[in-house]
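A.B. asks: Got work.cif for you, mmCIF, C-alpha atoms:
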data_model
#
loop_
_atom_site.label_atom_id
_atom_site.label_comp_id
_atom_site.auth_asym_id
_atom_site.auth_seq_id
_atom_site.Cartn_x
_atom_site.Cartn_y
_atom_site.Cartn_z
CA MET A 13 190.08 42.13 -248.38
CA ILE A 14 191.96 41.90 -245.09
CA PRO A 15 195.71 41.52 -245.85
CA LEU A 16 197.46 38.33 -244.83
CA ASN A 17 200.05 38.64 -242.04
CA GLU A 18 202.46 35.71 -242.27
CA ASN A 19 203.24 35.92 -238.55
CA TYR A 20 199.65 35.26 -237.53
CA HIS A 21 196.91 32.78 -238.34
CA VAL A 22 193.14 33.05 -238.70
CA CYS A 23 190.91 31.30 -236.19
CA PRO A 24 187.98 29.29 -237.67
CA GLY A 25 186.21 29.07 -234.31
CA CYS A 26 183.44 31.54 -235.22
CA SER A 27 182.52 34.22 -237.74
CA LEU A 28 184.80 36.83 -236.15
CA LEU A 29 187.69 35.10 -237.96
CA CYS A 30 190.23 36.63 -235.58
CA ASP A 31 193.40 37.13 -237.61
CA ASP A 32 195.93 37.63 -234.81
CA ILE A 33 196.34 34.04 -233.59
CA GLU A 34 199.82 32.87 -232.62
CA ILE A 35 200.45 29.15 -233.10
CA LYS A 36 203.56 27.29 -231.99
CA VAL A 37 204.40 24.29 -234.18
CA GLU A 38 206.93 21.51 -233.53
CA ASP A 39 207.43 18.70 -236.07
CA ASN A 40 204.25 19.73 -237.91
CA ARG A 41 202.29 19.44 -234.66
CA ILE A 42 200.52 22.30 -232.88
CA THR A 43 201.89 22.54 -229.34
CA GLN A 44 200.64 25.95 -228.24
CA VAL A 45 197.95 28.44 -229.23
CA ASN A 46 198.03 32.04 -228.02
CA THR A 47 195.48 34.87 -228.29
CA ALA A 48 192.56 32.62 -229.28
CA CYS A 49 189.52 32.17 -227.02
CA ILE A 50 188.51 28.79 -225.61
CA LYS A 51 186.27 28.10 -228.63
CA GLY A 52 189.08 28.92 -230.99
CA VAL A 53 191.64 26.77 -229.20
CA SER A 54 189.23 23.83 -229.25
CA ARG A 55 188.70 24.24 -232.99
CA ILE A 56 192.37 24.76 -233.80
CA LYS A 57 193.58 21.81 -231.75
CA LYS A 58 190.62 19.67 -232.89
CA ASP A 59 189.14 17.62 -230.06
CA SER A 60 188.53 14.44 -232.05
CA ASP A 61 189.49 13.09 -235.47
CA SER A 62 186.96 11.41 -237.71
CA ILE A 63 187.95 8.08 -239.29
CA CYS A 64 187.38 7.33 -242.96
CA ARG A 65 184.60 4.74 -243.04
CA VAL A 66 182.24 3.00 -245.44
CA ASP A 67 179.31 1.10 -243.93
CA GLY A 68 180.89 1.37 -240.49
CA LYS A 69 184.21 -0.16 -241.54
CA GLU A 70 187.48 1.73 -241.87
CA GLU A 71 188.34 2.18 -245.54
CA SER A 72 190.65 4.19 -247.78
CA VAL A 73 189.72 7.69 -248.88
CA ASP A 74 189.58 6.47 -252.49
CA LYS A 75 186.93 3.87 -251.66
CA ALA A 76 184.94 6.36 -249.60
CA ILE A 77 184.97 8.91 -252.42
CA ASN A 78 183.95 6.23 -254.92
CA ARG A 79 181.04 5.18 -252.71
CA ALA A 80 179.97 8.80 -252.18
CA ALA A 81 179.89 9.38 -255.93
CA HIS A 82 177.90 6.18 -256.40
CA ILE A 83 175.29 7.33 -253.88
CA LEU A 84 174.89 10.72 -255.54
CA LYS A 85 174.71 9.24 -259.04
CA ASN A 86 171.91 6.91 -258.00
CA SER A 87 169.85 9.54 -256.18
CA THR A 88 166.87 11.30 -257.72
CA ASN A 89 166.65 14.03 -255.07
CA PRO A 90 169.92 14.39 -253.14
CA LEU A 91 170.49 16.96 -250.40
CA ILE A 92 173.75 18.86 -249.90
CA PHE A 93 173.75 20.64 -246.54
CA GLY A 94 176.23 22.54 -244.37
CA LEU A 95 179.32 24.31 -245.73
CA GLY A 96 179.29 27.03 -243.06
CA ASN A 97 182.65 25.63 -241.89
CA SER A 98 184.16 25.38 -245.38
CA THR A 99 186.20 27.85 -247.41
CA ASN A 100 184.74 29.99 -250.17
CA GLU A 101 186.55 27.80 -252.67
CA ALA A 102 184.95 24.63 -251.31
CA GLN A 103 181.53 26.28 -251.28
CA ILE A 104 181.81 27.27 -254.93
CA LYS A 105 182.76 23.68 -255.80
CA ALA A 106 179.78 22.40 -253.81
CA ILE A 107 177.46 24.66 -255.78
CA GLU A 108 178.90 23.16 -258.97
CA MET A 109 178.30 19.67 -257.60
CA ALA A 110 174.72 20.52 -256.66
CA LYS A 111 174.12 21.67 -260.23
CA LYS A 112 175.67 18.52 -261.63
CA THR A 113 173.61 16.19 -259.45
CA GLY A 114 170.33 18.12 -259.46
CA ALA A 115 170.56 18.48 -255.69
CA ILE A 116 168.83 20.57 -253.08
CA LEU A 117 171.38 22.91 -251.50
CA ASP A 118 170.84 24.52 -248.10
CA ASP A 119 172.65 25.63 -244.97
CA THR A 120 171.88 26.63 -241.39
CA SER A 121 170.99 30.18 -242.42
CA SER A 122 167.62 28.86 -243.59
CA PHE A 123 166.63 28.57 -239.92
CA CYS A 124 168.69 31.38 -238.36
CA GLN A 125 170.26 34.58 -239.72
CA GLY A 126 169.29 34.13 -243.38
CA PRO A 127 166.55 36.79 -243.57
CA ILE A 128 168.83 39.51 -242.19
CA LEU A 129 171.71 38.59 -244.50
CA LYS A 130 169.38 38.58 -247.48
CA ALA A 131 168.17 42.07 -246.59
CA ILE A 132 171.78 43.25 -246.28
CA PHE A 133 172.68 41.80 -249.70
CA GLU A 134 169.66 43.58 -251.17
CA ASP A 135 170.69 46.89 -249.51
CA ARG A 136 167.52 47.02 -247.43
CA ILE A 137 169.41 47.41 -244.14
CA LYS A 138 172.28 49.78 -243.42
CA THR A 139 175.30 47.84 -242.21
CA CYS A 140 179.00 48.36 -241.46
CA THR A 141 182.18 46.44 -240.72
CA LEU A 142 183.55 45.36 -237.36
CA ASP A 143 186.47 47.74 -237.92
CA ASP A 144 183.95 50.57 -238.30
CA VAL A 145 182.47 49.56 -234.95
CA ARG A 146 185.87 49.58 -233.25
CA ASN A 147 186.83 52.95 -234.72
CA HIS A 148 183.55 54.86 -234.59
CA ALA A 149 180.75 53.26 -232.54
CA ASP A 150 179.56 55.14 -229.46
CA VAL A 151 176.31 53.17 -228.95
CA ILE A 152 176.34 49.37 -229.16
CA VAL A 153 173.17 47.32 -228.78
CA TYR A 154 173.17 43.57 -228.22
CA TRP A 155 169.64 42.46 -229.07
CA GLY A 156 168.95 38.81 -228.37
CA ALA A 157 172.69 38.20 -228.52
CA ASP A 158 175.23 37.07 -225.95
CA PRO A 159 178.67 37.41 -227.59
CA ALA A 160 180.37 36.89 -224.23
CA ASN A 161 179.60 33.21 -224.82
CA SER A 162 178.91 32.87 -228.54
CA HIS A 163 181.78 35.07 -229.82
CA PRO A 164 184.12 35.45 -226.82
CA ARG A 165 186.53 38.02 -228.34
CA HIS A 166 183.80 40.17 -229.86
CA ASN A 167 183.83 42.83 -227.15
CA SER A 168 187.57 42.88 -226.54
CA LYS A 169 188.67 42.95 -230.18
CA PHE A 170 185.94 44.87 -232.00
CA ALA A 171 183.04 46.29 -230.06
CA TYR A 172 183.13 47.56 -226.49
CA TYR A 173 186.62 47.59 -224.98
CA PRO A 174 189.09 48.50 -227.77
CA ARG A 175 190.16 52.06 -228.46
CA GLY A 176 189.45 53.22 -232.01
CA LYS A 177 190.21 56.22 -234.19
CA GLU A 178 187.31 58.22 -232.78
CA ARG A 179 187.06 56.32 -229.48
CA GLN A 180 190.39 56.99 -227.76
CA ARG A 181 189.17 57.62 -224.22
CA GLY A 182 188.11 54.07 -223.47
CA TRP A 183 184.91 52.12 -223.04
CA ASP A 184 183.92 53.75 -219.75
CA VAL A 185 183.77 57.19 -221.39
CA ASP A 186 183.40 56.77 -225.12
CA ARG A 187 180.95 53.89 -225.51
CA LYS A 188 177.50 52.97 -224.24
CA ALA A 189 176.60 49.26 -224.29
CA ILE A 190 172.93 48.26 -224.23
CA ALA A 191 171.47 44.75 -223.99
CA VAL A 192 167.93 43.72 -224.86
CA ASP A 193 167.22 40.10 -223.97
CA VAL A 194 164.83 37.73 -222.24
CA ARG A 195 167.28 37.13 -219.40
CA MET A 196 170.33 38.59 -217.71
CA SER A 197 173.07 37.10 -219.89
CA HIS A 198 176.81 37.55 -219.32
CA THR A 199 176.75 40.29 -221.95
CA ALA A 200 173.78 41.94 -220.22
CA ILE A 201 175.77 42.02 -216.96
CA LEU A 202 178.44 43.98 -218.82
CA CYS A 203 175.80 46.56 -219.79
CA GLY A 204 174.75 47.18 -216.18
CA ASP A 205 171.74 49.51 -215.91
CA ASN A 206 171.41 49.51 -219.69
CA PHE A 207 169.87 46.04 -219.69
CA TYR A 208 166.26 45.86 -220.89
CA ALA A 209 164.42 42.63 -220.14
CA VAL A 210 161.82 41.80 -222.78
CA PRO A 211 159.49 38.78 -222.51
CA ALA A 212 159.88 36.09 -225.15
CA GLY A 213 158.03 37.00 -228.32
CA LYS A 214 157.56 40.66 -227.36
CA ASP A 215 160.50 42.14 -229.29
CA GLU A 216 158.31 43.53 -232.07
CA GLU A 217 156.16 45.30 -229.49
CA LEU A 218 159.24 46.91 -227.95
CA ILE A 219 160.48 47.94 -231.40
CA GLU A 220 157.17 49.65 -232.12
CA ALA A 221 157.35 51.41 -228.74
CA ILE A 222 160.86 52.69 -229.49
CA ILE A 223 159.73 53.96 -232.89
CA SER A 224 156.82 55.76 -231.22
CA ALA A 225 159.15 57.34 -228.68
CA ILE A 226 161.54 58.53 -231.39
CA ALA A 227 158.55 60.11 -233.15
CA GLY A 228 157.68 62.03 -229.98
CA LYS A 229 154.76 59.86 -228.91
CA VAL A 230 154.19 58.17 -225.56
CA PRO A 231 155.37 54.55 -225.91
CA LYS A 232 153.19 51.74 -224.58
CA VAL A 233 153.82 48.04 -224.12
CA SER A 234 151.70 45.24 -222.67
CA PHE A 235 154.49 43.89 -220.47
CA ASP A 236 156.21 45.27 -217.39
CA MET A 237 158.55 47.96 -218.70
CA ASP A 238 158.31 51.50 -217.40
CA THR A 239 157.53 54.18 -219.99
CA LYS A 240 160.42 56.25 -218.68
CA ARG A 241 162.81 53.37 -219.37
CA ILE A 242 161.60 53.06 -222.96
CA LEU A 243 162.04 56.81 -223.45
CA GLN A 244 165.59 56.57 -222.06
CA LEU A 245 166.38 53.75 -224.48
CA ALA A 246 164.91 55.60 -227.45
CA ASN A 247 166.79 58.76 -226.51
CA ALA A 248 170.12 56.90 -226.27
CA LEU A 249 169.61 55.39 -229.72
CA LYS A 250 168.42 58.67 -231.18
CA LYS A 251 171.54 60.54 -230.03
CA ALA A 252 174.04 58.01 -231.37
CA LYS A 253 176.81 59.44 -233.55
CA PHE A 254 177.56 55.92 -234.79
CA GLY A 255 175.28 53.19 -233.51
CA VAL A 256 175.14 49.49 -234.23
CA ILE A 257 172.68 46.75 -233.33
CA PHE A 258 174.15 43.27 -233.10
CA ALA A 259 171.18 41.04 -233.89
CA GLY A 260 171.25 37.62 -232.26
CA LEU A 261 169.01 34.61 -232.67
CA GLY A 262 166.94 35.78 -229.72
CA LEU A 263 165.74 38.68 -231.87
CA VAL A 264 165.45 36.71 -235.12
CA TYR A 265 163.39 33.90 -233.57
CA SER A 266 161.09 36.37 -231.82
CA LEU A 267 159.87 37.93 -235.08
CA ASN A 268 157.67 36.53 -237.85
CA ASP A 269 159.77 38.47 -240.37
CA ILE A 270 162.46 41.13 -240.29
CA GLU A 271 160.32 44.07 -241.39
CA PRO A 272 160.22 45.48 -237.81
CA ILE A 273 164.05 45.51 -237.78
CA ILE A 274 164.18 47.28 -241.14
CA LYS A 275 161.60 49.77 -239.91
CA LEU A 276 163.58 50.48 -236.72
CA ILE A 277 166.90 51.01 -238.51
CA SER A 278 165.20 53.26 -241.05
CA LYS A 279 163.56 55.34 -238.30
CA LEU A 280 166.80 55.67 -236.35
CA ASN A 281 168.62 56.92 -239.43
CA GLU A 282 166.24 59.84 -239.71
CA THR A 283 167.97 61.40 -236.71
CA SER A 284 171.16 59.40 -236.11
CA ASN A 285 173.60 57.06 -237.82
CA PHE A 286 172.66 53.44 -237.14
CA HIS A 287 173.76 50.09 -238.54
CA LEU A 288 172.92 46.43 -238.07
CA LEU A 289 175.14 43.35 -238.02
CA PRO A 290 173.86 39.79 -237.59
CA MET A 291 175.70 37.64 -235.06
CA VAL A 292 176.54 34.90 -237.54
CA GLY A 293 177.73 31.67 -235.91
CA HIS A 294 179.71 29.39 -238.24
CA TYR A 295 182.88 30.99 -239.51
CA ASN A 296 181.86 31.07 -243.19
CA MET A 297 178.07 30.89 -243.18
CA ARG A 298 177.96 34.39 -244.63
CA GLY A 299 180.41 33.24 -247.29
CA PHE A 300 178.05 30.46 -248.36
CA ASN A 301 175.15 32.91 -248.55
CA GLU A 302 177.18 35.40 -250.60
CA ASN A 303 178.53 32.76 -252.97
CA LEU A 304 175.12 31.22 -253.58
CA PHE A 305 173.53 34.67 -253.93
CA THR A 306 176.11 35.61 -256.57
CA GLU A 307 175.45 32.39 -258.49
CA THR A 308 171.66 32.13 -258.22
CA GLY A 309 170.22 35.29 -256.66
CA TYR A 310 169.19 33.27 -253.59
CA ILE A 311 171.05 32.76 -250.31
CA ASN A 312 169.74 29.29 -249.41
CA ARG A 313 166.89 26.81 -250.01
CA VAL A 314 167.60 26.11 -253.67
CA LYS A 315 166.89 23.13 -255.88
CA PHE A 316 168.83 22.59 -259.09
CA GLU A 317 166.80 20.81 -261.76
CA ILE A 318 168.61 19.39 -264.76
CA ASN A 319 166.76 20.16 -267.99
CA GLU A 320 168.19 17.51 -270.30
CA ASN A 321 166.26 18.76 -273.35
CA MET A 322 167.62 22.29 -272.99
CA ASN A 323 171.01 21.08 -271.71
CA ASP A 324 170.56 23.55 -268.87
CA VAL A 325 170.01 23.77 -265.11
CA ILE A 326 166.88 25.39 -263.69
CA VAL A 327 167.10 26.95 -260.22
CA ARG A 328 164.08 26.55 -257.95
CA HIS A 329 163.74 28.37 -254.65
CA GLY A 330 161.29 28.43 -251.78
CA PRO A 331 160.61 27.34 -248.20
CA GLU A 332 159.69 23.87 -249.47
CA TYR A 333 163.36 23.39 -250.40
CA SER A 334 164.67 24.08 -246.90
CA VAL A 335 166.55 21.29 -245.18
CA ILE A 336 163.90 21.22 -242.44
CA GLU A 337 160.98 20.71 -244.83
CA GLN A 338 162.84 18.23 -247.01
CA LEU A 339 163.81 16.02 -244.07
CA ARG A 340 160.52 16.38 -242.20
CA ASN A 341 158.52 15.41 -245.29
CA LYS A 342 161.01 12.69 -246.26
CA LYS A 343 161.55 14.17 -249.72
CA VAL A 344 165.28 13.60 -250.16
CA ASP A 345 166.61 10.13 -250.95
CA SER A 346 170.26 10.77 -250.01
CA ALA A 347 172.24 13.44 -248.18
CA MET A 348 175.75 14.85 -248.12
CA ILE A 349 176.52 16.80 -244.94
CA ILE A 350 179.63 18.99 -245.07
CA GLY A 351 181.05 20.40 -241.83
CA SER A 352 177.75 20.31 -239.96
CA ASP A 353 176.07 18.15 -237.34
CA PRO A 354 172.30 18.18 -237.96
CA LEU A 355 171.67 15.39 -235.45
CA ILE A 356 172.62 17.81 -232.69
CA SER A 357 171.40 21.09 -234.22
CA MET A 358 167.98 20.00 -235.49
CA PRO A 359 164.93 18.55 -233.73
CA GLY A 360 165.15 14.78 -233.50
CA PHE A 361 161.97 14.13 -235.46
CA VAL A 362 163.39 16.20 -238.36
CA ALA A 363 166.89 14.70 -238.42
CA GLU A 364 165.48 11.18 -238.03
CA HIS A 365 165.11 10.81 -241.81
CA LEU A 366 168.90 10.97 -242.18
CA LYS A 367 169.06 7.54 -240.53
CA ASN A 368 166.87 6.05 -243.25
CA ILE A 369 168.68 7.26 -246.38
CA PRO A 370 172.24 6.91 -247.73
CA LEU A 371 174.27 9.48 -245.80
CA ILE A 372 177.66 10.97 -246.65
CA VAL A 373 179.48 13.16 -244.12
CA ILE A 374 182.60 15.24 -244.74
CA ASP A 375 183.97 16.55 -241.45
CA PRO A 376 187.29 16.89 -239.60
CA CYS A 377 185.70 15.79 -236.32
CA GLU A 378 183.72 12.84 -235.03
CA THR A 379 180.11 13.93 -234.46
CA LEU A 380 176.71 12.40 -233.81
CA THR A 381 176.05 12.63 -237.54
CA THR A 382 179.29 10.87 -238.55
CA LYS A 383 178.34 7.99 -236.26
CA ILE A 384 175.25 7.14 -238.34
CA ALA A 385 176.73 7.92 -241.77
CA ASP A 386 177.18 5.32 -244.50
CA VAL A 387 180.26 7.17 -245.73
CA VAL A 388 182.55 9.31 -243.56
CA ILE A 389 185.36 11.25 -245.23
CA PRO A 390 187.70 13.09 -242.83
CA SER A 391 188.66 16.58 -243.94
CA ALA A 392 191.42 18.96 -242.95
CA ILE A 393 190.65 21.97 -240.76
CA SER A 394 190.21 25.02 -242.94
CA SER A 395 192.60 27.88 -242.11
CA ILE A 396 194.78 25.71 -239.86
CA GLU A 397 195.57 22.88 -242.30
CA CYS A 398 194.15 24.34 -245.54
CA SER A 399 194.55 27.60 -247.39
CA GLY A 400 191.66 29.49 -248.94
CA SER A 401 189.42 32.33 -247.86
CA ALA A 402 186.22 33.08 -245.94
CA ILE A 403 183.77 35.94 -245.41
CA ARG A 404 183.70 37.41 -241.92
CA MET A 405 180.33 38.14 -240.28
CA ASP A 406 180.56 41.75 -241.54
CA GLY A 407 181.30 40.85 -245.17
CA GLU A 408 185.09 41.27 -245.10
CA ASN A 409 187.05 38.69 -247.09
CA VAL A 410 189.75 37.00 -245.00
CA GLN A 411 192.65 34.98 -246.41
CA PHE A 412 193.94 31.89 -244.60
CA ASN A 413 197.55 31.13 -243.71
CA PRO A 414 197.80 27.43 -242.72
CA ALA A 415 199.95 26.57 -239.71
CA VAL A 416 200.53 22.86 -240.39
CA SER A 417 200.11 20.29 -243.15
CA GLY A 418 197.16 18.03 -242.41
CA ASN A 419 196.86 14.31 -243.11
CA SER A 420 193.42 14.72 -244.65
CA LEU A 421 192.23 16.30 -247.87
CA CYS A 422 190.63 19.74 -247.76
CA ASP A 423 186.87 20.05 -248.34
CA GLU A 424 187.51 21.53 -251.77
CA GLN A 425 189.74 18.61 -252.77
CA ILE A 426 187.22 16.03 -251.56
CA ILE A 427 184.38 17.65 -253.48
CA GLU A 428 186.56 17.84 -256.61
CA ARG A 429 187.43 14.14 -256.31
CA ILE A 430 183.77 13.18 -255.94
CA MET A 431 182.81 15.30 -258.95
CA GLU A 432 185.45 13.58 -261.06
CA GLU A 433 183.69 10.26 -260.45
CA LEU A 434 180.16 11.47 -261.10
#
Let's see the structure in the file written out as C-alpha cells.

C.D. replies:
Amino acid sequence: MIPLNENYHVCPGCSLLCDDIEIKVEDNRITQVNTACIKGVSRIKKDSDSICRVDGKEESVDKAINRAAHILKNSTNPLIFGLGNSTNEAQIKAIEMAKKTGAILDDTSSFCQGPILKAIFEDRIKTCTLDDVRNHADVIVYWGADPANSHPRHNSKFAYYPRGKERQRGWDVDRKAIAVDVRMSHTAILCGDNFYAVPAGKDEELIEAIISAIAGKVPKVSFDMDTKRILQLANALKKAKFGVIFAGLGLVYSLNDIEPIIKLISKLNETSNFHLLPMVGHYNMRGFNENLFTETGYINRVKFEINENMNDVIVRHGPEYSVIEQLRNKKVDSAMIIGSDPLISMPGFVAEHLKNIPLIVIDPCETLTTKIADVVIPSAISSIECSGSAIRMDGENVQFNPAVSGNSLCDEQIIERIMEEL
C-alpha cells in the first residue's frame, strides 16, 4: 500500500492516481490546484454539480433514496453498472447490494481492459508496478495507447522522463520509447523513429511477425512494413533489460482474444525481462475488478440469483450478463448507474433501453445519463471530498486524504442508505 502523505492529495482524474497533488483551500472551498494535469484539475474542481431529483423535480436526498430502494425492491432483474469512479469501500457495498437484490453487476471493463486484467489476476501475464517502470525500465512500448492524452502525467511521472534507481542518466540515454499504433498520435511523436504504423485489425499479424523474428525466422506481414523494420523492433524488445508494454484499447479492440499478447510476453521472457500493464481509464476500474474477483472469482458480467429455498445466493457469469447484452436485448427492468455515463460511452441503440426502464443515477456531476434518470442522487467526489481507497492501474492500493468536506453523501453512504430501506 502506498503510504498517505498528509501534505498531498490523490487525484481521481484517471487510474494513475497521482498522489502528489497540492490543493489550496479557503473556507472549505478549493481555490487552487497545483501539479495535477488538465484532466485532474477538471475532476478535482468538478465542472458541474448534479441536483437531487425524483421524476425530474428537485427533492430531498431522503426521498430520492426511498424511491431508489422502491425501484430496486420491485424489480425482477435489476442492473447495477459503473463503480469505476467509486472507492473500494463503495464497490464492496455495491456487491453486497447486488447480492441482496439479485442484480446483474457489470462495469466498463466488460468492453475494454477486462480480458487483460483477468489474465493478470490469474498470473497468466507477467506484470509490474509503475514504480518498477520508473526505476528499472529501459524499453517502453505504447501499443494502441496514447497516454499523452489519456493519462497526461504518465510519461513525466512514471514512464519515460523521470530518473529512477537504475535509470539515472535521463530519458535520452537510458530509455527507448516505442509506439505501435494506427496513426501518429502525440505519444508516437515522442517516440520519433521508433513509431510503427500498423493498419487497423493487423496487430495480431505484427505480433506473430515479431515472435518469428525473435525465433530467428524471417518475419512477414501482409501490410506495408519493411522486414528490416520488424527485425529492428524485435531486436530492441529482445535486448531489453526491463521492458514493459502499455496496452491500450487500440490493441485490445484489434484482437479477438488476448492469447497473442500472452504468447508475445511469454516469448520475450525467454530472452529478456518483459512485463505488461493495461492502460486502465477510470481511476478505480481495476479496484472493482479485484474486489469482484475476490468475492466471486469473476471480474465482471455477473448475475446474483437468490435461492430462497437454500437461503443462499448463486453467482452466474457469462457474456450474456454483460451490460451491453442486457441492454441490447432489453433484459433488465431497472438500472442503477454509479459514477458512469453510458449514454455517452455506449452506442445509442444499446443505451436506448435505459430511457424505457426506471433509472437511478448516483454521480457528482450532471451528465447525459442524469438528465434522463428517474432518480438522481448527487455524490461527493471520492478522494477530494471523501476518504477511502482505490487500486491504481498497476495494482497498488492508494489511500485518500480528502481536501474539503462535501455537501453530498459519499457513494458508500448512499449505497448503505439504500440497502437499509430494501

A.B. asks: Excluding segment 332-348 of chain A and its own-chain neighbours fewer than 4 positions away, which residues fall within 8 Å of it when counting all atoms listed in the file? Please give them as a list of chain:residue names.

C.D. replies: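 My reading of the contact set: A:Ile83, A:Leu84, A:Ser87, A:Thr88, A:Asn89, A:Pro90, A:Leu91, A:Ile92, A:Phe93, A:Ile116, A:Asp118, A:Asp119, A:Ser122, A:Asn312, A:Arg313, A:Val314, A:Lys315, A:Phe361, A:Val362, A:Ala363, A:Glu364, A:His365, A:Leu366, A:Ile369, A:Pro370, A:Leu371, A:Ile372, A:Val373, A:Ile374.
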
A.B. asks: Run the PyMOL selection byres ((chain A and resi 37-51) around 9) mentally over the shown coordinates, then write out the matched residues as a PyMOL selection string, using the chain letters and numbers from the document.

C.D. replies: chain A and resi 23+25-26+30+32-36+52-57+162-165+415-418

A.B. asks: List as CSV every residue of segment 255-368 of chain A that is in contact with segment 403-410 of chain A, defined as an atom at most 8 Å from one of its atoms (using all atoms listed in the file), together with the nearest atom pair and the distance in Å rounded to one decimal, sorted by chain and then rising number.

C.D. replies:
residue,atom,partner,partner_atom,distance
A:Leu289,CA,A:Asp406,CA,6.7
A:Pro290,CA,A:Met405,CA,7.2
A:Met291,CA,A:Met405,CA,7.0
A:Val292,CA,A:Met405,CA,5.7
A:Tyr295,CA,A:Arg404,CA,6.9
A:Asn296,CA,A:Ile403,CA,5.7
A:Met297,CA,A:Ile403,CA,7.9
A:Arg298,CA,A:Ile403,CA,6.1
A:Gly299,CA,A:Ile403,CA,4.7

A.B. asks: Can you translate the PyMOL selection byres ((chain A and resi 225) around 12) into the concrete residues it hits in this file, as a PDB file with C-alpha atoms, in the frame of the given file?

C.D. replies:
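out_27.pdb was written with the following content:
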ATOM      1  CA  LEU A 218     159.240  46.910-227.950  1.00  0.00           C
ATOM      2  CA  ILE A 219     160.480  47.940-231.400  1.00  0.00           C
ATOM      3  CA  GLU A 220     157.170  49.650-232.120  1.00  0.00           C
ATOM      4  CA  ALA A 221     157.350  51.410-228.740  1.00  0.00           C
ATOM      5  CA  ILE A 222     160.860  52.690-229.490  1.00  0.00           C
ATOM      6  CA  ILE A 223     159.730  53.960-232.890  1.00  0.00           C
ATOM      7  CA  SER A 224     156.820  55.760-231.220  1.00  0.00           C
ATOM      8  CA  ILE A 226     161.540  58.530-231.390  1.00  0.00           C
ATOM      9  CA  ALA A 227     158.550  60.110-233.150  1.00  0.00           C
ATOM     10  CA  GLY A 228     157.680  62.030-229.980  1.00  0.00           C
ATOM     11  CA  LYS A 229     154.760  59.860-228.910  1.00  0.00           C
ATOM     12  CA  VAL A 230     154.190  58.170-225.560  1.00  0.00           C
ATOM     13  CA  PRO A 231     155.370  54.550-225.910  1.00  0.00           C
ATOM     14  CA  LYS A 232     153.190  51.740-224.580  1.00  0.00           C
ATOM     15  CA  VAL A 233     153.820  48.040-224.120  1.00  0.00           C
ATOM     16  CA  THR A 239     157.530  54.180-219.990  1.00  0.00           C
ATOM     17  CA  LYS A 240     160.420  56.250-218.680  1.00  0.00           C
ATOM     18  CA  ARG A 241     162.810  53.370-219.370  1.00  0.00           C
ATOM     19  CA  ILE A 242     161.600  53.060-222.960  1.00  0.00           C
ATOM     20  CA  LEU A 243     162.040  56.810-223.450  1.00  0.00           C
ATOM     21  CA  GLN A 244     165.590  56.570-222.060  1.00  0.00           C
ATOM     22  CA  LEU A 245     166.380  53.750-224.480  1.00  0.00           C
ATOM     23  CA  ALA A 246     164.910  55.600-227.450  1.00  0.00           C
ATOM     24  CA  ASN A 247     166.790  58.760-226.510  1.00  0.00           C
ATOM     25  CA  ALA A 248     170.120  56.900-226.270  1.00  0.00           C
ATOM     26  CA  LEU A 249     169.610  55.390-229.720  1.00  0.00           C
ATOM     27  CA  LYS A 250     168.420  58.670-231.180  1.00  0.00           C
ATOM     28  CA  LEU A 276     163.580  50.480-236.720  1.00  0.00           C
ATOM     29  CA  LYS A 279     163.560  55.340-238.300  1.00  0.00           C
ATOM     30  CA  LEU A 280     166.800  55.670-236.350  1.00  0.00           C
TER      31      LEU A 280
END

A.B. asks: Under the rule that only C-alpha atoms are counted, which of A:Met358, A:Leu288, A:Leu28, A:Ile274 is the nearest residue to Trp155 of chain A?

C.D. replies: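 For Trp155 of chain A, the nearest of the given residues is A:Leu288.
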
A.B. asks: Measure the distance from atom CA of His166 of chain A to atom CA of Leu95 of chain A in Å and round it to one decimal.

C.D. replies: 22.9 Å

A.B. asks: Name the residues in contact with segment 316-326 of chain A at a cut-off of 6 Å, using only C-alpha atoms, excluding same-chain residues fewer than 6 positions from it; report them as a PyMOL selection string.

C.D. replies: chain A and resi 111+114-115
